[in-house]
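In what follows, a single structure is set out as structure tokens and then discussed.
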Amino acid sequence: MRSLRRLLVAALGALCLSTTVLAGGSSQTSYAAKLVKQTDSGAPSAPSMPITTSGRWMYEADGRTVVLRGYNLGGSSKVPDFKPFKDIYKLNIFRDTFGSNVARLLFNWEAYEGAAPGVYDESYLEYYAGVAQALWDRGLYVIVDFHSDGFSRYLANGCGSGAPRWAVSNATTPDTPINDKSCKGWGVNLTFNGDLKNKILTVVSAFYANKAGVRDAFLATVGRVAQRMSKIPGVFAYEPLNEPWGDEVTEIAPLLIDAAKAIRKFQPKAVIYVCASFNGVQNEIFSPKPKYPLDLHKTIGNIVWAPHYYDPTLFVFGDYVSIFPVTTTMHNIVIDVLQTWNDGAGVPISFGEFGGLGTFKDNTLIKRYYEYLDTDISSATQWTYTPDWNPKDLDHWNDEDFSVVDENNQPRKQLVDIRPHPRRFTGTPITFLYTPDKKTVNVTWTQNSATLGLTTELFLPSTLVSSSPNITVVTPTNGTAVDCTYWKKSQVVGCSAAKTGYVTIVLTWF
């Protein structure tokens, strides 16, 4: 009893904050604490397909709101042999250490159709499908990311990635791929070097105009990939263009619409991720509104806005320097989307890329990224997981060093923040606040009638609670009763509310 009292006192600070706001300043609320059941057997509920979107959120088929957190896979997928995932068991780290429930899996057009238009390397597609299946077997949803940087390895002075040589040669003289240390700072070069930019724009203009049938060839590839990937239940989304070049209204949007049609011929309910143009990626430091047509979410349907955000100081200093307010900047990106699309109701937001450098002295910036993501309860995939990272070759592409794991497939402490994070809500999410020094997680949501009996779930790393004999849930005595279970093997807490309405809990451990 004495230990429960201590747990209750420790949790009151976090819980009183939410109840005081709701009560208009009154804190005359009493609380009750009880132990969370812990079990070595069983597992939380399985994912419920398909995922759909409505307004601000993504939903699983059972009606629960799903929040997706994970990583990009992976940095070395951009260069030959384009197949870095040789040891599939390394992927266990996402389930066992990171608690991920999504992966943004890079697909390389050059690897699949590099020889000539219509000549496909089916072994690459089968390799890719095998990785996606392995991720799904470990409980991760998969986003198929048709990835490119500067459109092609044969552009940007040989420092790009993505399209095959023949997709470039019809419009300009291709560059020789390099992708070595001389490409360091490639993104800054593309931003400020007018000659490099103009050459890329010449090629992509020919691409969008379907010169030599290149656009048609790309859409055929998109369709073939979707046909194969539709057989894997966990593949729920496709991102046809990563950081695309071109005009968002006249060139990129029509391509996205046609790509969505090619995908949905085989997967009618597929979610389409939409990324800003490369120029927009740079400007998202200052949070612009989306430049796509305002009805794009209606024309395509079932879309997710997937902005990228890298704190600009890391490219200048090689470390995080607190000049730009990370939380405010990322939050403003979300607000812009909510206000721009869907008559103010917005569309779901999932930050497709963000990350830090191996030169960081600590993980301060990474923590700030995730503190923001919790504030707005946003989905996200951090850049990047490179399974073959090593101190010499780093991410194997342009001397980048973003990998969250080292040569032993262990987390790099300056680039990860293994922390509790939300996964599913049995209603509309309101608050998710992790307070490390107090060892508490404050969660609030509005419980829906259709999902009564199901569980709101969060990842709670065993590394945080392994030395704690008790996990306790604290609730207002006049609030909704909640029963919680901690599945040790899955490292997931699931809480079931007894009735509809506002639900507030604090989980704490000692």
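Identifiers for the structure tokens are assigned positionally: chains receive A, B, ... in sequence, residues are indexed from 1 per chain, and ligands are indexed from 1 in the order shown.
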
* To do: Using only C-alpha atoms, determine which residues lie at most 10 Å from Thr435 (chain A), disregarding the query and same-chain residues fewer than 4 positions distant; provide the list as a list in words.
  => Ala14, Glu371, Pro420, Lys439, Thr440, Val441, Asn442 and Thr508 of chain A

Could you make a table, as a tab-separated table, of the residues of region 34-91 of chain A that have an atom within 8 Å of an atom of region 341-364 of chain A, each with its nearest atom pair and distance in Å to one decimal, counting only C-alpha atoms, in chain and number order?
residue	atom	partner	partner_atom	distance
A:Thr53	CA	A:Pro348	CA	6.9
A:Ser54	CA	A:Val347	CA	7.0
A:Gly55	CA	A:Val347	CA	4.9
A:Arg56	CA	A:Pro348	CA	4.4
A:Trp57	CA	A:Pro348	CA	4.8
A:Met58	CA	A:Pro348	CA	6.3
A:Leu68	CA	A:Ser350	CA	7.9
A:Asn72	CA	A:Glu353	CA	7.6

* Might you pull out every residue within 12 Å of Lys499 (chain A), with only C-alpha atoms counted and same-chain residues fewer than 4 positions away left off, and present them as a list in words? =>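 Final neighbour list, sorted by chain and number: Thr426, Gly427, Thr446, Gln447, Asn448, Ser449, Ala450, Thr451, Leu452, Gly453, Leu454, Gly479, Thr480, Ala481, Val482, Asp483 and Val503 of chain A.
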
Given the selection you just returned, output its residues as a file containing C-alpha atoms, formatted as a PDB file, in the first residue's frame.
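The resulting result_24.pdb:
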ATOM      1  CA  THR A 426      -9.750   3.521 -29.217  1.00  0.00           C
ATOM      2  CA  GLY A 427     -10.989   6.937 -30.182  1.00  0.00           C
ATOM      3  CA  THR A 446     -12.010  10.352 -26.308  1.00  0.00           C
ATOM      4  CA  GLN A 447     -13.333   6.790 -26.214  1.00  0.00           C
ATOM      5  CA  ASN A 448     -15.641   5.788 -29.086  1.00  0.00           C
ATOM      6  CA  SER A 449     -18.555   3.416 -28.655  1.00  0.00           C
ATOM      7  CA  ALA A 450     -17.555   1.343 -31.701  1.00  0.00           C
ATOM      8  CA  THR A 451     -14.186   0.451 -30.159  1.00  0.00           C
ATOM      9  CA  LEU A 452     -15.295  -0.395 -26.607  1.00  0.00           C
ATOM     10  CA  GLY A 453     -13.624  -3.651 -25.615  1.00  0.00           C
ATOM     11  CA  LEU A 454     -10.522  -2.895 -27.692  1.00  0.00           C
ATOM     12  CA  GLY A 479     -13.338   9.443 -14.450  1.00  0.00           C
ATOM     13  CA  THR A 480     -13.680   6.471 -16.746  1.00  0.00           C
ATOM     14  CA  ALA A 481     -12.477   3.182 -15.279  1.00  0.00           C
ATOM     15  CA  VAL A 482      -9.559   1.662 -17.185  1.00  0.00           C
ATOM     16  CA  ASP A 483      -7.938  -1.777 -17.089  1.00  0.00           C
ATOM     17  CA  VAL A 503     -10.410   9.102 -20.720  1.00  0.00           C
TER      18      VAL A 503
END

* Run DSSP on the backbone and grab whatever in region 107-270 of chain A lands in strand (DSSP E); send it over as JSON, numbers by chain. => {"A": [107, 141, 142, 143, 144, 145, 146, 235, 236, 237, 238, 239]}

* To do: May I have the residues within 9 Å of Phe510 (chain A) as a list of chain:residue names, using only C-alpha atoms and disregarding those fewer than 2 positions away in the same chain?
  =>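 Final neighbour list, sorted by chain and number: A:Leu7, A:Lys439, A:Val465, A:Ser467, A:Ser468, A:Pro469, A:Asn470, A:Ile471, A:Thr472, A:Thr508.
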
* **Interatomic distance (Å, one decimal) between CA of Val66 (chain A) and CA of Arg424 (chain A)** =>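 Computing the Euclidean distance for CA of Val66 (chain A) and CA of Arg424 (chain A) yields 4.5 Å.
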
* Could you tell me which of A:Ala237, A:Ile377, A:Ala156, A:Gly118 comes closest to Asp216 (chain A) if we count only C-alpha atoms? =>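 That would be A:Gly118, the residue with the smallest distance to Asp216 (chain A).
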
Region 105-147 of chain A near region 262-282 of chain A within 12 Å: what's each residue's closest atom pair and its distance in Å to one decimal, counting only C-alpha atoms, ordered by chain then ascending residue number, as a Markdown table?
| residue | atom | partner | partner_atom | distance |
| --- | --- | --- | --- | --- |
| A:Tyr141 | CA | A:Val271 | CA | 11.8 |
| A:Val142 | CA | A:Val271 | CA | 10.9 |
| A:Ile143 | CA | A:Tyr273 | CA | 8.4 |
| A:Val144 | CA | A:Tyr273 | CA | 9.3 |
| A:Asp145 | CA | A:Tyr273 | CA | 8.8 |
| A:Phe146 | CA | A:Tyr273 | CA | 10.7 |
| A:His147 | CA | A:Cys275 | CA | 11.1 |

Take the residues that were just selected and, keeping C-alpha atoms, output them as a tab-separated table (two decimals), in the first residue's frame.
chain	number	residue	atom	x	y	z
A	141	TYR	CA	3.44	-1.91	-41.70
A	142	VAL	CA	5.33	-1.02	-44.90
A	143	ILE	CA	5.37	2.12	-47.03
A	144	VAL	CA	6.71	1.51	-50.55
A	145	ASP	CA	8.95	4.52	-51.20
A	146	PHE	CA	9.92	5.08	-54.85
A	147	HIS	CA	13.02	6.92	-53.76

Contact check, region 169-225 of chain A to region 76-96 of chain A, at most 12 Å, counting only C-alpha atoms, closest pairs as a Markdown table:
| residue | atom | partner | partner_atom | distance |
| --- | --- | --- | --- | --- |
| A:Pro177 | CA | A:Val79 | CA | 9.3 |
| A:Ile178 | CA | A:Val79 | CA | 9.6 |
| A:Asn179 | CA | A:Val79 | CA | 7.9 |
| A:Asp180 | CA | A:Val79 | CA | 10.4 |

Selection export as a PDB file, in the first residue's frame, atoms kept: all heavy atoms:
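Result file is selection.pdb:
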ATOM      1  N   PRO A 177      28.020   8.238 -62.356  1.00  0.00           N
ATOM      2  CA  PRO A 177      27.727   8.085 -60.923  1.00  0.00           C
ATOM      3  C   PRO A 177      29.004   8.008 -60.096  1.00  0.00           C
ATOM      4  O   PRO A 177      29.963   7.325 -60.470  1.00  0.00           O
ATOM      5  CB  PRO A 177      26.948   6.775 -60.862  1.00  0.00           C
ATOM      6  CG  PRO A 177      26.372   6.608 -62.229  1.00  0.00           C
ATOM      7  CD  PRO A 177      27.387   7.178 -63.158  1.00  0.00           C
ATOM      8  N   ILE A 178      28.993   8.722 -58.985  1.00  0.00           N
ATOM      9  CA  ILE A 178      30.133   8.728 -58.068  1.00  0.00           C
ATOM     10  C   ILE A 178      29.680   8.278 -56.681  1.00  0.00           C
ATOM     11  O   ILE A 178      30.121   7.264 -56.163  1.00  0.00           O
ATOM     12  CB  ILE A 178      30.771  10.130 -57.994  1.00  0.00           C
ATOM     13  CG1 ILE A 178      31.218  10.592 -59.380  1.00  0.00           C
ATOM     14  CG2 ILE A 178      31.959  10.122 -57.028  1.00  0.00           C
ATOM     15  CD1 ILE A 178      31.704  12.032 -59.400  1.00  0.00           C
ATOM     16  N   ASN A 179      28.835   9.095 -56.059  1.00  0.00           N
ATOM     17  CA  ASN A 179      28.248   8.778 -54.749  1.00  0.00           C
ATOM     18  C   ASN A 179      29.289   8.463 -53.686  1.00  0.00           C
ATOM     19  O   ASN A 179      29.064   7.638 -52.791  1.00  0.00           O
ATOM     20  CB  ASN A 179      27.244   7.620 -54.859  1.00  0.00           C
ATOM     21  CG  ASN A 179      26.076   7.935 -55.764  1.00  0.00           C
ATOM     22  OD1 ASN A 179      25.851   7.261 -56.773  1.00  0.00           O
ATOM     23  ND2 ASN A 179      25.321   8.982 -55.442  1.00  0.00           N
ATOM     24  N   ASP A 180      30.452   9.108 -53.769  1.00  0.00           N
ATOM     25  CA  ASP A 180      31.490   8.886 -52.772  1.00  0.00           C
ATOM     26  C   ASP A 180      31.677  10.135 -51.912  1.00  0.00           C
ATOM     27  O   ASP A 180      30.809  11.021 -51.874  1.00  0.00           O
ATOM     28  CB  ASP A 180      32.798   8.472 -53.446  1.00  0.00           C
ATOM     29  CG  ASP A 180      33.342   9.530 -54.402  1.00  0.00           C
ATOM     30  OD1 ASP A 180      32.841  10.677 -54.389  1.00  0.00           O
ATOM     31  OD2 ASP A 180      34.280   9.218 -55.164  1.00  0.00           O
TER      32      ASP A 180
END

Could you give me, as a short mmCIF file (atom, residue, chain, number, x, y, z; two decimals) with N, CA, C and O atoms, in the first residue's frame, the residues within 7 Å of Gln491 (chain A), counting only C-alpha atoms and dropping anything in the same chain fewer than 3 positions from it?
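Written out: result.cif:
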data_model
loop_
_atom_site.label_atom_id
_atom_site.label_comp_id
_atom_site.auth_asym_id
_atom_site.auth_seq_id
_atom_site.Cartn_x
_atom_site.Cartn_y
_atom_site.Cartn_z
N PHE A 459 3.86 1.71 -26.81
CA PHE A 459 5.11 0.97 -26.63
C PHE A 459 5.80 1.48 -25.38
O PHE A 459 5.98 2.69 -25.21
N LEU A 460 6.15 0.58 -24.46
CA LEU A 460 6.86 0.92 -23.24
C LEU A 460 8.11 0.05 -23.18
O LEU A 460 8.04 -1.14 -22.86
N PRO A 461 9.28 0.62 -23.53
CA PRO A 461 10.50 -0.19 -23.66
C PRO A 461 10.85 -0.92 -22.38
O PRO A 461 10.81 -0.35 -21.28
N SER A 462 11.22 -2.18 -22.53
CA SER A 462 11.59 -2.98 -21.36
C SER A 462 12.83 -2.41 -20.68
O SER A 462 13.02 -2.60 -19.47
N TYR A 486 0.35 -5.11 -19.39
CA TYR A 486 1.66 -4.94 -20.02
C TYR A 486 2.14 -6.29 -20.53
O TYR A 486 2.39 -7.20 -19.76
N TRP A 487 2.21 -6.39 -21.86
CA TRP A 487 2.73 -7.61 -22.47
C TRP A 487 4.25 -7.47 -22.57
O TRP A 487 4.77 -6.68 -23.39
N LYS A 488 4.96 -8.19 -21.73
CA LYS A 488 6.41 -8.00 -21.60
C LYS A 488 7.15 -8.29 -22.89
O LYS A 488 8.05 -7.55 -23.29
#

* Exercise: Phe425 (chain A) partners within 10 Å, only C-alpha atoms, chain neighbours under 2 positions left out, as a ChimeraX atom specification -> /A:59,63-67,422-423,427-430,443-448,451,454-458,494-496

Using C-alpha atoms, can you export the residues from the last selection as a PDB file, in the first residue's frame?
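Once written, result-v6.pdb looks like this:
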ATOM      1  CA  TYR A  59      -7.620   4.297 -38.907  1.00  0.00           C
ATOM      2  CA  GLY A  63     -11.960   1.524 -35.995  1.00  0.00           C
ATOM      3  CA  ARG A  64      -8.945   2.367 -33.866  1.00  0.00           C
ATOM      4  CA  THR A  65      -6.801   5.399 -34.630  1.00  0.00           C
ATOM      5  CA  VAL A  66      -3.309   4.214 -35.533  1.00  0.00           C
ATOM      6  CA  VAL A  67      -0.083   6.175 -34.984  1.00  0.00           C
ATOM      7  CA  PRO A 422       1.683   5.861 -28.959  1.00  0.00           C
ATOM      8  CA  ARG A 423       0.492   3.111 -31.309  1.00  0.00           C
ATOM      9  CA  GLY A 427     -10.989   6.937 -30.182  1.00  0.00           C
ATOM     10  CA  THR A 428      -9.627  10.410 -30.875  1.00  0.00           C
ATOM     11  CA  PRO A 429      -6.140  11.084 -29.421  1.00  0.00           C
ATOM     12  CA  ILE A 430      -5.812  14.197 -27.258  1.00  0.00           C
ATOM     13  CA  VAL A 443      -2.362   9.707 -22.100  1.00  0.00           C
ATOM     14  CA  THR A 444      -5.803  11.134 -22.855  1.00  0.00           C
ATOM     15  CA  TRP A 445      -8.306  10.287 -25.543  1.00  0.00           C
ATOM     16  CA  THR A 446     -12.010  10.352 -26.308  1.00  0.00           C
ATOM     17  CA  GLN A 447     -13.333   6.790 -26.214  1.00  0.00           C
ATOM     18  CA  ASN A 448     -15.641   5.788 -29.086  1.00  0.00           C
ATOM     19  CA  THR A 451     -14.186   0.451 -30.159  1.00  0.00           C
ATOM     20  CA  LEU A 454     -10.522  -2.895 -27.692  1.00  0.00           C
ATOM     21  CA  THR A 455      -7.294  -1.476 -26.282  1.00  0.00           C
ATOM     22  CA  THR A 456      -5.495   1.839 -26.542  1.00  0.00           C
ATOM     23  CA  GLU A 457      -1.855   0.805 -26.884  1.00  0.00           C
ATOM     24  CA  LEU A 458       1.585   2.298 -26.374  1.00  0.00           C
ATOM     25  CA  GLY A 494      -2.873  -1.971 -23.626  1.00  0.00           C
ATOM     26  CA  CYS A 495      -5.665  -0.151 -21.775  1.00  0.00           C
ATOM     27  CA  SER A 496      -9.370  -0.788 -22.150  1.00  0.00           C
TER      28      SER A 496
END

* To do: Find, counting only C-alpha atoms, the residue in A:Pro293, A:Pro391, A:Gly99, A:Gly185 that gets nearest to Gly318 (chain A).
  => A:Gly185

* **Backbone-only DSSP, helix (DSSP H, G or I) members of region 122-362 of chain A, as a VMD selection string** => chain A and resid 122 to 137 156 to 158 166 to 169 181 to 183 186 to 192 194 to 208 211 to 229 248 to 264 278 to 286 296 to 300 313 to 317 326 to 340 342 to 344

* Asked: Expressed in Å to a single decimal, how great is the separation between CA of Ala61 (chain A) and CA of Pro47 (chain A)?
  ->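 These two atoms are separated by 8.6 Å.
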
* Asked: What separation in Å, quoted to one decimal, exists between CA of Thr375 (chain A) and CA of Thr329 (chain A)?
  -> 12.6 Å

* To do: Name the closest residue to Asp336 (chain A) among the candidates A:Tyr502, A:Phe236, A:Trp305, A:Tyr128; distances are taken between atoms, counting only C-alpha atoms.
  =>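 Checking each of A:Tyr502, A:Phe236, A:Trp305, A:Tyr128 against Asp336 (chain A), counting only C-alpha atoms, the winner is A:Trp305.
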
* To do: Determine the nearest neighbour of Leu73 (chain A) from the options A:His308, A:Lys438, A:Lys181, A:Arg104, counting only C-alpha atoms.
  =>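 Closest to Leu73 (chain A), using only C-alpha atoms: A:Arg104.
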